[in-house]
Structures are given as C-alpha cells and as structure tokens.
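With TSV, C-alpha atoms and all ligand atoms inside, this is my_file_4.tsv:
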```tsv
chain	number	residue	atom	x	y	z
A	30	MET	CA	0.00	0.00	0.00
A	31	GLN	CA	1.16	3.54	-0.77
A	32	HIS	CA	1.22	6.25	1.86
A	33	CYS	CA	1.31	10.07	1.83
A	34	SER	CA	3.23	11.23	4.87
A	35	LYS	CA	2.05	14.81	4.45
A	36	CYS	CA	-1.71	14.02	4.51
A	37	ASN	CA	-1.15	10.90	6.62
A	38	ILE	CA	-3.39	8.69	4.45
A	39	ASP	CA	-2.98	5.27	2.93
A	40	ILE	CA	-3.77	4.97	-0.76
A	41	ARG	CA	-4.85	1.75	-2.45
A	42	GLY	CA	-3.96	0.94	-6.02
A	43	ASN	CA	-1.13	2.36	-8.03
A	44	LYS	CA	-0.96	6.16	-8.01
A	45	SER	CA	1.89	8.35	-9.21
A	46	CYS	CA	1.17	11.03	-6.60
A	47	CYS	CA	-1.12	11.77	-3.68
A	48	PRO	CA	-4.68	12.47	-4.93
A	49	LEU	CA	-5.13	15.15	-2.23
A	50	CYS	CA	-1.90	17.13	-2.15
A	51	GLN	CA	-0.25	15.83	-5.34
A	52	GLY	CA	2.83	15.12	-3.23
A	53	ASN	CA	5.18	12.15	-3.40
A	54	LEU	CA	4.09	8.78	-2.09
A	55	ILE	CA	6.09	6.21	-0.20
A	56	GLY	CA	5.49	2.45	-0.01
A	57	GLU	CA	4.82	-0.24	-2.59
A	58	PRO	CA	2.07	0.28	-5.22
A	59	GLU	CA	-0.43	-2.57	-5.48
A	60	ASP	CA	-2.80	-3.77	-8.22
A	61	PRO	CA	-5.40	-1.17	-9.22
A	62	ALA	CA	-8.38	-1.05	-6.83
A	63	PHE	CA	-10.89	-0.96	-9.70
A	64	PRO	CA	-11.02	-3.34	-12.63
A	65	VAL	CA	-9.39	-2.00	-15.76
A	66	LEU	CA	-11.68	-2.20	-18.79
A	67	PRO	CA	-10.08	-3.60	-21.91
A	68	GLU	CA	-9.71	-0.97	-24.59
A	69	ARG	CA	-12.41	-1.11	-27.27
A	70	ARG	CA	-10.85	-2.54	-30.38
A	71	LEU	CA	-13.07	-0.94	-32.99
A	72	SER	CA	-14.31	2.59	-32.41
A	73	ARG	CA	-17.79	3.57	-33.54
A	74	GLY	CA	-16.49	6.11	-36.06
A	75	MET	CA	-14.18	3.54	-37.59
A	76	PHE	CA	-16.96	0.95	-37.79
A	77	LEU	CA	-19.24	3.41	-39.61
A	78	ARG	CA	-16.47	4.41	-41.99
A	79	ILE	CA	-15.88	0.75	-42.86
A	80	CYS	CA	-19.63	0.31	-43.47
A	81	VAL	CA	-19.79	3.39	-45.74
A	82	PHE	CA	-16.74	2.14	-47.64
A	83	ILE	CA	-18.27	-1.31	-48.19
A	84	PHE	CA	-21.50	0.41	-49.26
A	85	ILE	CA	-19.67	2.52	-51.88
A	86	VAL	CA	-17.76	-0.49	-53.21
A	87	VAL	CA	-20.93	-2.62	-53.46
A	88	GLU	CA	-22.96	0.13	-55.18
A	89	LEU	CA	-20.23	0.88	-57.74
A	90	ALA	CA	-19.58	-2.83	-58.40
A	91	MET	CA	-23.29	-3.50	-58.98
A	92	MET	CA	-23.52	-0.50	-61.34
A	93	LEU	CA	-20.60	-1.93	-63.26
A	94	VAL	CA	-22.29	-5.36	-63.44
A	95	ASN	CA	-25.48	-3.69	-64.67
A	96	TYR	CA	-23.51	-1.82	-67.31
A	97	PHE	CA	-21.79	-4.91	-68.69
A	98	THR	CA	-24.90	-7.13	-68.60
A	99	ASP	CA	-27.29	-4.45	-69.93
A	100	SER	CA	-29.25	-4.74	-66.65
A	101	ARG	CA	-30.39	-8.26	-67.60
A	102	PHE	CA	-30.14	-9.60	-64.06
A	103	TYR	CA	-32.55	-8.85	-61.26
A	104	LEU	CA	-30.15	-9.00	-58.30
A	105	PRO	CA	-27.78	-6.05	-58.97
A	106	GLY	CA	-30.71	-3.64	-59.29
A	107	MET	CA	-32.18	-4.93	-56.05
A	108	VAL	CA	-28.84	-4.53	-54.26
A	109	ILE	CA	-28.49	-0.95	-55.57
A	110	LEU	CA	-32.02	-0.18	-54.36
A	111	TRP	CA	-31.73	-1.75	-50.89
A	112	ALA	CA	-28.11	-1.07	-49.93
A	113	PRO	CA	-28.83	2.58	-48.88
A	114	PHE	CA	-31.53	1.29	-46.51
A	115	VAL	CA	-29.18	-1.27	-45.03
A	116	LEU	CA	-26.58	1.46	-44.48
A	117	LEU	CA	-29.17	3.78	-42.92
A	118	ASP	CA	-30.29	0.90	-40.75
A	119	ILE	CA	-26.76	0.24	-39.50
A	120	CYS	CA	-26.29	3.96	-38.69
A	121	LEU	CA	-29.55	4.00	-36.73
A	122	ALA	CA	-28.65	0.81	-34.87
A	123	VAL	CA	-25.30	2.30	-33.86
A	124	TYR	CA	-26.88	5.61	-32.84
A	125	PHE	CA	-29.79	4.18	-30.82
A	126	ARG	CA	-28.11	1.01	-29.58
A	127	SER	CA	-28.80	1.93	-25.94
A	128	ASN	CA	-32.55	2.31	-26.50
A	129	ILE	CA	-33.89	-0.75	-28.25
A	130	LEU	CA	-37.55	0.36	-28.09
A	131	LYS	CA	-36.79	3.62	-29.86
A	132	LEU	CA	-34.72	1.72	-32.42
A	133	VAL	CA	-37.47	-0.80	-33.13
A	134	THR	CA	-40.10	1.95	-33.44
A	135	ILE	CA	-38.02	4.12	-35.78
A	136	GLU	CA	-37.00	1.15	-37.92
A	137	THR	CA	-40.60	0.03	-38.23
A	138	CYS	CA	-41.69	3.53	-39.29
A	139	LEU	CA	-38.94	3.55	-41.93
A	140	PHE	CA	-40.03	0.10	-43.08
A	141	LEU	CA	-43.63	1.35	-43.45
A	142	LEU	CA	-42.43	4.31	-45.52
A	143	VAL	CA	-40.45	2.00	-47.82
A	144	VAL	CA	-43.47	-0.30	-48.19
A	145	LEU	CA	-45.71	2.68	-49.03
A	146	TYR	CA	-43.17	3.87	-51.58
A	147	LEU	CA	-42.82	0.46	-53.25
A	148	ASP	CA	-46.59	-0.13	-53.35
A	149	GLY	CA	-47.37	3.39	-54.54
A	150	ARG	CA	-45.01	3.42	-57.49
A	151	ASP	CA	-47.79	2.56	-59.94
A	152	GLY	CA	-49.95	5.40	-58.62
A	153	ARG	CA	-52.20	3.57	-56.18
A	154	LEU	CA	-51.87	1.61	-52.96
A	155	SER	CA	-53.19	-1.92	-52.52
A	156	TRP	CA	-51.29	-4.71	-50.72
A	157	SER	CA	-49.48	-2.31	-48.40
A	158	ILE	CA	-52.56	-0.69	-46.85
A	159	ALA	CA	-54.55	-3.93	-47.00
A	160	TRP	CA	-52.08	-6.27	-45.32
A	161	VAL	CA	-48.49	-5.22	-44.67
A	162	ILE	CA	-49.07	-1.98	-42.76
A	163	PRO	CA	-51.84	-3.18	-40.38
A	164	ILE	CA	-50.02	-6.45	-39.62
A	165	THR	CA	-46.70	-4.61	-39.10
A	166	ILE	CA	-48.32	-2.20	-36.63
A	167	LEU	CA	-49.84	-5.09	-34.65
A	168	CYS	CA	-46.43	-6.81	-34.57
A	169	LEU	CA	-44.82	-3.55	-33.44
A	170	VAL	CA	-47.22	-3.24	-30.50
A	171	LEU	CA	-46.60	-6.85	-29.54
A	172	LEU	CA	-42.84	-6.46	-29.87
A	173	THR	CA	-42.87	-3.21	-27.86
A	174	ASN	CA	-44.66	-4.97	-25.00
A	175	ILE	CA	-42.37	-8.01	-25.14
A	176	LEU	CA	-39.22	-5.84	-25.20
A	177	ALA	CA	-40.54	-3.65	-22.37
A	178	TRP	CA	-41.25	-6.78	-20.35
A	179	ILE	CA	-37.82	-8.31	-21.05
A	180	THR	CA	-35.95	-5.09	-20.22
A	181	ARG	CA	-38.25	-4.52	-17.19
A	182	ARG	CA	-39.39	-1.08	-18.21
A	183	ARG	CA	-42.20	0.69	-16.48
A	184	LEU	CA	-45.12	1.94	-18.54
A	185	VAL	CA	-43.87	5.50	-18.14
A	186	ASP	CA	-40.75	4.56	-20.12
A	187	TYR	CA	-42.51	3.21	-23.18
A	188	VAL	CA	-45.99	4.74	-23.19
A	189	VAL	CA	-44.80	7.30	-25.73
A	190	TYR	CA	-44.10	4.46	-28.20
A	191	LEU	CA	-47.49	2.92	-27.54
A	192	ALA	CA	-49.12	6.31	-28.15
A	193	LEU	CA	-47.30	6.55	-31.48
A	194	ASP	CA	-48.40	2.99	-32.37
A	195	THR	CA	-52.00	3.95	-31.58
A	196	VAL	CA	-51.80	7.02	-33.80
A	197	LEU	CA	-50.35	4.90	-36.63
A	198	ALA	CA	-53.05	2.25	-36.17
A	199	LEU	CA	-55.82	4.87	-36.36
A	200	LEU	CA	-54.23	6.70	-39.29
A	201	GLN	CA	-54.07	3.54	-41.38
A	202	THR	CA	-57.83	2.97	-40.93
A	203	LEU	CA	-58.39	6.21	-42.88
A	204	SER	CA	-57.76	4.14	-46.04
A	205	VAL	CA	-60.99	2.27	-45.26
A	206	PHE	CA	-63.05	5.37	-44.56
A	207	TYR	CA	-61.83	7.02	-47.73
A	208	ASP	CA	-62.71	3.84	-49.65
A	209	ARG	CA	-59.19	3.23	-50.88
A	210	ASN	CA	-58.61	-0.12	-49.23
A	211	PRO	CA	-59.38	-3.18	-51.41
A	212	TYR	CA	-59.49	-5.57	-48.38
A	213	PRO	CA	-60.42	-3.50	-45.31
A	214	ALA	CA	-60.68	-6.39	-42.80
A	215	MET	CA	-57.09	-6.39	-41.49
A	216	SER	CA	-56.95	-2.61	-41.33
A	217	LEU	CA	-60.15	-2.43	-39.26
A	218	ILE	CA	-59.06	-5.29	-36.98
A	219	THR	CA	-55.80	-3.45	-36.24
A	220	GLY	CA	-57.66	-0.21	-35.47
A	221	VAL	CA	-60.11	-1.99	-33.14
A	222	VAL	CA	-57.38	-3.99	-31.37
A	223	MET	CA	-55.45	-0.78	-30.69
A	224	LEU	CA	-58.55	0.97	-29.35
A	225	ILE	CA	-59.22	-1.99	-27.02
A	226	TYR	CA	-55.60	-1.93	-25.90
A	227	ALA	CA	-55.73	1.84	-25.32
A	228	ALA	CA	-58.92	1.35	-23.27
A	229	TYR	CA	-57.16	-1.33	-21.19
A	230	VAL	CA	-54.18	0.94	-20.50
A	231	GLY	CA	-56.46	3.90	-19.72
A	232	LEU	CA	-58.69	1.96	-17.33
A	233	PHE	CA	-56.43	-0.56	-15.63
A	234	ARG	CA	-53.06	1.17	-15.69
A	235	TYR	CA	-54.48	4.57	-15.01
A	236	ARG	CA	-52.02	5.46	-12.27
A	237	GLU	CA	-48.95	4.61	-14.34
A	238	LEU	CA	-50.46	6.47	-17.29
A	239	LYS	CA	-50.98	9.53	-15.12
A	240	ASN	CA	-47.34	9.41	-14.00
A	241	ALA	CA	-46.28	9.13	-17.62
A	242	LEU	CA	-48.44	12.07	-18.66
A	243	SER	CA	-47.09	14.25	-15.89
A	244	LYS	CA	-43.57	13.29	-16.86
A	245	TYR	CA	-43.98	14.09	-20.56
A	246	MET	CA	-46.35	17.02	-20.49
A	247	ASN	CA	-46.22	18.40	-16.94
A	248	VAL	CA	-49.95	17.80	-16.58
B	1	ZN	ZN	-0.95	13.95	0.35
```
Could you quickly redo this structure as structure tokens?
Amino acid sequence: MQHCSKCNIDIRGNKSCCPLCQGNLIGEPEDPAFPVLPERRLSRGMFLRICVFIFIVVELAMMLVNYFTDSRFYLPGMVILWAPFVLLDICLAVYFRSNILKLVTIETCLFLLVVLYLDGRDGRLSWSIAWVIPITILCLVLLTNILAWITRRRLVDYVVYLALDTVLALLQTLSVFYDRNPYPAMSLITGVVMLIYAAYVGLFRYRELKNALSKYMNV
C-alpha cells in the first residue's frame, strides 16, 4: 500500500502522486483497486467508416455489373435499391443502440415508408394498406410490449411508443373510410385492437399512465 506522509493517508492501487496534495508517495504500489476495462478494439467512427466504404464499393460494383450485362439480371438492381436502406439501418442501430424500443419503433416507421413507396409506385396503394401496414403495426405493439417486459421497463418509459403505435393504427384505418382499401378487414381489426388496448391501459393502468403524462407534459 502507498502512503502520503504529508496528509497521513494510505492509498490503495497504483498512483503516481497523492490524490489530495499531489505530493510524493512512499510504499509499494499494489494492483489497481478498480477493474481496468479492456480498450475497445473498434471505435464507432471507424466501424461506420468501414460500413460506408463497403456500401460505396458494393454500389459501384453493382452498377458496373449492370452496365456490362445491360441490366439483364434482377439481383444487382435490387442490391443498388436496398443497400442505402441497409446502411441507414446500421447507422440507426449504432446511434440508438442503448434504447432498443426507440430503435425498433423508428426502424418500423422507416419500413412502413419503404413499403408505401414500393406499393405506390404505380400510382395507387393496394397490398401495403390492406395487409403489410396493419399487420406490421400489430407486430410492433406486440414487440414493444415483449421488449418492455424483457428489459423490465415501467409503462412510463414506453408509453410514448405505444401512443405513437395507436396514432399509426388509427391513421391507417383512414384508407378504409376514404374507400381506398381493397381488403379492409385487417386494417379495421388493427384499429379496433389498438382501441381496445388503449382502453385497457387507460382503465387498468391509469395510475402509471398519469405518471407518464405528468412526466412528458407536466400535466
Ligand atoms: Zn498527500
């Protein structure tokens, strides 16, 4: 153990000088009192730069393949189309890695936007509003609850995501009311399930909901 004769204190670990008076220490240093974390091998910035580099190489290579094959193959075009989303996805995952609920919610919203874009390319929406969007929203609600349960969150920590899910679920039913949905069943089921779930939260988890509201809105 090291010792500062000026402050008359013993110091554990291995210090170069006294932490109080910065003076010289006498005695033998010992192993550090706290565990030393191993240095992170790959920094976040480096990881992202590698991803962007791979992305650029893949995009350029696929363009080259398309050029030499007169775009005869299906795969290169698909890779060119989806690679930006994969890159965006990786960036989001790195940025929100500490908050999995936020990550899942944002990724799902992006997925819905992509689905809407792909379905709407010929000028009207069909399979996306009939099936993919309502089912995805139901899965998102289920996943949010499962993740909240696994990570032992209180309602106050994830109610904002549930509120967003409810808004999405109600918005997608507009396609039925505006008569744009070829198969309205799934869309209506999703809307009703979310209303029932919202009623359950409002009636049986009222106290937690009130705490959440006061936290987010100072009500
Ligand atoms: Zn000292």
* **Residue with smallest distance to ligand ZN 1 (chain B) - pool A:Ser45, A:Asn53, A:Thr180, A:Ser204, counting all atoms listed in the file** => A:Asn53
* Protein and nucleic acid residues within 10 Å of ligand ZN 1 (chain B) (only C-alpha atoms and all ligand atoms) as an NGL selection string -> :A and (32-40 or 46-54)
* Work out how far atom CA of A:Tyr124 is from atom CA of A:Leu147, in Å to one decimal. => 26.4 Å
Enclose stretch 51-55 of chain A, meaning all of its atoms listed in the file, in a box aligned along x, y and z, pad it by 5 Å on each side, and list the centre and edge lengths in Å to one decimal, as AutoDock Vina command-line options.
```
--center_x 2.9 --center_y 11.0 --center_z -2.8 --size_x 16.3 --size_y 19.6 --size_z 15.1
```
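Across the model, the gap from atom CA of A:Ala198 to atom CA of A:Leu139 is 15.3 Å.
Nearest residue to A:Leu169, choosing from A:Lys244, A:Lys131, A:Arg234, A:Lys239 and counting all atoms listed in the file: A:Lys131.
Computed from the coordinates, the atom CA of A:Asn240 to atom CA of A:Leu197 distance equals 23.3 Å.
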* To do: For A:Arg41, work out the shell of residues within 9 Å, counting all atoms listed in the file and skipping chain neighbours fewer than 3 positions away, then give it as a PyMOL selection string.
  => chain A and resi 30-32+44+58-62
Once you count all atoms listed in the file, what closest atom pair and distance in Å to one decimal does each residue of stretch 150-196 of chain A within 12 Å of stretch 205-216 of chain A have, with rows by chain and rising residue number, as CSV?
```
residue,atom,partner,partner_atom,distance
A:Arg153,CA,A:Arg209,CA,8.8
A:Leu154,CA,A:Arg209,CA,7.8
A:Ser155,CA,A:Pro211,CA,6.4
A:Trp156,CA,A:Pro211,CA,8.3
A:Ser157,CA,A:Asn210,CA,9.4
A:Ile158,CA,A:Asn210,CA,6.5
A:Ala159,CA,A:Tyr212,CA,5.4
A:Trp160,CA,A:Met215,CA,6.3
A:Val161,CA,A:Met215,CA,9.2
A:Ile162,CA,A:Ser216,CA,8.0
A:Pro163,CA,A:Ser216,CA,5.2
A:Ile164,CA,A:Met215,CA,7.3
A:Thr165,CA,A:Ser216,CA,10.7
A:Ile166,CA,A:Ser216,CA,9.8
A:Leu167,CA,A:Met215,CA,10.1
```
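Using all atoms listed in the file, the smallest distance between any of A:Pro67, A:Leu130, A:Met75, A:Thr137 and A:Thr173 comes from A:Leu130.
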Assuming the input is short of atoms at stretch 50-80 of chain A, produce N, CA and C atoms for that part as an mmCIF file, keeping the file's coordinate frame.
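Result written to selection24.cif:
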```
data_model
loop_
_atom_site.group_PDB
_atom_site.id
_atom_site.type_symbol
_atom_site.label_atom_id
_atom_site.label_comp_id
_atom_site.auth_asym_id
_atom_site.auth_seq_id
_atom_site.Cartn_x
_atom_site.Cartn_y
_atom_site.Cartn_z
ATOM 1 N N CYS A 50 -2.870 16.027 -2.132
ATOM 2 C CA CYS A 50 -1.900 17.130 -2.150
ATOM 3 C C CYS A 50 -0.953 17.047 -3.349
ATOM 4 N N GLN A 51 -1.109 16.049 -4.165
ATOM 5 C CA GLN A 51 -0.250 15.830 -5.340
ATOM 6 C C GLN A 51 1.215 15.603 -4.956
ATOM 7 N N GLY A 52 1.454 15.320 -3.678
ATOM 8 C CA GLY A 52 2.830 15.120 -3.230
ATOM 9 C C GLY A 52 3.324 13.708 -3.505
ATOM 10 N N ASN A 53 4.592 13.466 -3.150
ATOM 11 C CA ASN A 53 5.180 12.150 -3.400
ATOM 12 C C ASN A 53 4.622 11.119 -2.423
ATOM 13 N N LEU A 54 4.591 9.869 -2.911
ATOM 14 C CA LEU A 54 4.090 8.780 -2.090
ATOM 15 C C LEU A 54 5.248 7.862 -1.718
ATOM 16 N N ILE A 55 5.126 7.243 -0.553
ATOM 17 C CA ILE A 55 6.090 6.210 -0.200
ATOM 18 C C ILE A 55 5.362 4.875 -0.118
ATOM 19 N N GLY A 56 6.090 3.779 -0.096
ATOM 20 C CA GLY A 56 5.490 2.450 -0.010
ATOM 21 C C GLY A 56 5.322 1.823 -1.380
ATOM 22 N N GLU A 57 4.925 0.535 -1.355
ATOM 23 C CA GLU A 57 4.820 -0.240 -2.590
ATOM 24 C C GLU A 57 3.452 -0.055 -3.244
ATOM 25 N N PRO A 58 3.374 0.262 -4.544
ATOM 26 C CA PRO A 58 2.070 0.280 -5.220
ATOM 27 C C PRO A 58 1.515 -1.132 -5.315
ATOM 28 N N GLU A 59 0.200 -1.255 -5.323
ATOM 29 C CA GLU A 59 -0.430 -2.570 -5.480
ATOM 30 C C GLU A 59 -1.288 -2.556 -6.753
ATOM 31 N N ASP A 60 -1.944 -3.695 -7.023
ATOM 32 C CA ASP A 60 -2.800 -3.770 -8.220
ATOM 33 C C ASP A 60 -3.900 -2.722 -8.122
ATOM 34 N N PRO A 61 -4.355 -2.189 -9.254
ATOM 35 C CA PRO A 61 -5.400 -1.170 -9.220
ATOM 36 C C PRO A 61 -6.623 -1.626 -8.430
ATOM 37 N N ALA A 62 -7.245 -0.705 -7.677
ATOM 38 C CA ALA A 62 -8.380 -1.050 -6.830
ATOM 39 C C ALA A 62 -9.619 -1.362 -7.662
ATOM 40 N N PHE A 63 -9.722 -0.736 -8.837
ATOM 41 C CA PHE A 63 -10.890 -0.960 -9.700
ATOM 42 C C PHE A 63 -10.468 -1.761 -10.914
ATOM 43 N N PRO A 64 -11.380 -2.572 -11.429
ATOM 44 C CA PRO A 64 -11.020 -3.340 -12.630
ATOM 45 C C PRO A 64 -10.716 -2.414 -13.811
ATOM 46 N N VAL A 65 -9.739 -2.789 -14.578
ATOM 47 C CA VAL A 65 -9.390 -2.000 -15.760
ATOM 48 C C VAL A 65 -10.135 -2.567 -16.953
ATOM 49 N N LEU A 66 -10.922 -1.723 -17.623
ATOM 50 C CA LEU A 66 -11.680 -2.200 -18.790
ATOM 51 C C LEU A 66 -10.745 -2.350 -19.978
ATOM 52 N N PRO A 67 -10.910 -3.457 -20.711
ATOM 53 C CA PRO A 67 -10.080 -3.600 -21.910
ATOM 54 C C PRO A 67 -10.449 -2.516 -22.935
ATOM 55 N N GLU A 68 -9.459 -2.023 -23.618
ATOM 56 C CA GLU A 68 -9.710 -0.970 -24.590
ATOM 57 C C GLU A 68 -10.580 -1.494 -25.734
ATOM 58 N N ARG A 69 -11.548 -0.674 -26.175
ATOM 59 C CA ARG A 69 -12.410 -1.110 -27.270
ATOM 60 C C ARG A 69 -11.579 -1.187 -28.550
ATOM 61 N N ARG A 70 -11.739 -2.317 -29.237
ATOM 62 C CA ARG A 70 -10.850 -2.540 -30.380
ATOM 63 C C ARG A 70 -11.261 -1.693 -31.574
ATOM 64 N N LEU A 71 -12.590 -1.644 -31.803
ATOM 65 C CA LEU A 71 -13.070 -0.940 -32.990
ATOM 66 C C LEU A 71 -13.947 0.224 -32.539
ATOM 67 N N SER A 72 -13.521 1.431 -32.843
ATOM 68 C CA SER A 72 -14.310 2.590 -32.410
ATOM 69 C C SER A 72 -15.546 2.704 -33.299
ATOM 70 N N ARG A 73 -16.548 3.431 -32.801
ATOM 71 C CA ARG A 73 -17.790 3.570 -33.540
ATOM 72 C C ARG A 73 -17.562 4.277 -34.871
ATOM 73 N N GLY A 74 -16.762 5.355 -34.831
ATOM 74 C CA GLY A 74 -16.490 6.110 -36.060
ATOM 75 C C GLY A 74 -15.838 5.239 -37.110
ATOM 76 N N MET A 75 -14.882 4.415 -36.663
ATOM 77 C CA MET A 75 -14.180 3.540 -37.590
ATOM 78 C C MET A 75 -15.132 2.513 -38.190
ATOM 79 N N PHE A 76 -15.991 1.943 -37.333
ATOM 80 C CA PHE A 76 -16.960 0.950 -37.790
ATOM 81 C C PHE A 76 -17.853 1.540 -38.872
ATOM 82 N N LEU A 77 -18.346 2.779 -38.629
ATOM 83 C CA LEU A 77 -19.240 3.410 -39.610
ATOM 84 C C LEU A 77 -18.492 3.710 -40.911
ATOM 85 N N ARG A 78 -17.237 4.133 -40.768
ATOM 86 C CA ARG A 78 -16.470 4.410 -41.990
ATOM 87 C C ARG A 78 -16.276 3.155 -42.823
ATOM 88 N N ILE A 79 -16.028 2.024 -42.133
ATOM 89 C CA ILE A 79 -15.880 0.750 -42.860
ATOM 90 C C ILE A 79 -17.188 0.412 -43.573
ATOM 91 N N CYS A 80 -18.325 0.612 -42.864
ATOM 92 C CA CYS A 80 -19.630 0.310 -43.470
ATOM 93 C C CYS A 80 -19.874 1.176 -44.711
#
```
